[in-house]
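S.K.: Input: one structure, supplied below.
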Amino acid sequence: MLINPISNQTSFRAVNQKYYQWAKKEANGCKRFGEILEQLRFDVAWGDIHPRDGIDTVNEIIKLNGSTDSGFEHILEGFRRRLAKLK
């Protein structure tokens, strides 16, 4: 899967472009991110996407949404727990 760094800093930070581009299309329409978040959660759970990339991607989707809600926070918390288990 393609990822692009979103800053010039040396810290590890990347956004999954598949999900980010999908979210940008949704942001221009009805702003329904549920299906995107569910699929992203599935890919992180199966190890196709690193939890850190999942966190970075969700944070960028939140910026597109303009606000956060309990759904975003629930997904982020799950990714954080999974990331903590990897350390």
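Each chain in the structure tokens gets a letter, A, B, ..., in the order shown, and its residues are numbered from 1; ligands are numbered from 1 in order too.
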Excluding Ile62 of chain A and any residue of its chain fewer than 5 positions from it, enumerate the residues within 8 Å of it, using only C-alpha atoms, and give them as a ChimeraX atom specification.

M.R.: /A:67-68,72

S.K.: Show which residues sit within 9 Å of segment 42-52 of chain A, as a PyMOL selection string. Count only C-alpha atoms, and ignore same-chain residues fewer than 3 positions away.

M.R.: chain A and resi 1+12-14+16+37-39+55-57+78-83

S.K.: Rank A:Lys31, A:Lys18, A:Lys63, A:Arg41 by their smallest atom-to-atom distance to Leu76 of chain A, using only C-alpha atoms, and report the top residue only.

M.R.: A:Arg41

S.K.: From a backbone DSSP assignment, name each residue in chain A labelled alpha helix (DSSP H), as a PyMOL selection string.

M.R.: chain A and resi 17-28+34-45+51-65+70-86

S.K.: Give me, as a count of residues only, all polymer residues having an atom no more than 9 Å from Arg32 of chain A, counting only C-alpha atoms and skipping those fewer than 5 positions away in the same chain.

M.R.: 3

S.K.: Just give me the gap between atom CA of Val15 of chain A and atom CA of Asp53 of chain A in Å, one decimal is fine.

M.R.: 5.8 Å

S.K.: Using DSSP secondary structure from the backbone, list all strand (DSSP E) positions within chain A, as a list in words.

M.R.: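 The strand (DSSP E) residues within chain A come out as Ile3, Asn4, Pro5, Ala14, Val15 and Asn16 of chain A.
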
S.K.: Just to confirm, what's the straight-line distance from atom CA of Gln17 of chain A to atom CA of Lys87 of chain A in Å (one decimal)?

M.R.: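 Going from atom CA of Gln17 of chain A over to atom CA of Lys87 of chain A covers 25.0 Å.
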
S.K.: Which residue out of A:Leu86, A:Asp69, A:Glu77, A:Ile61 has the minimum interatomic distance to Phe33 of chain A when only C-alpha atoms are used?

M.R.: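 Closest to Phe33 of chain A of all the choices is A:Ile61.
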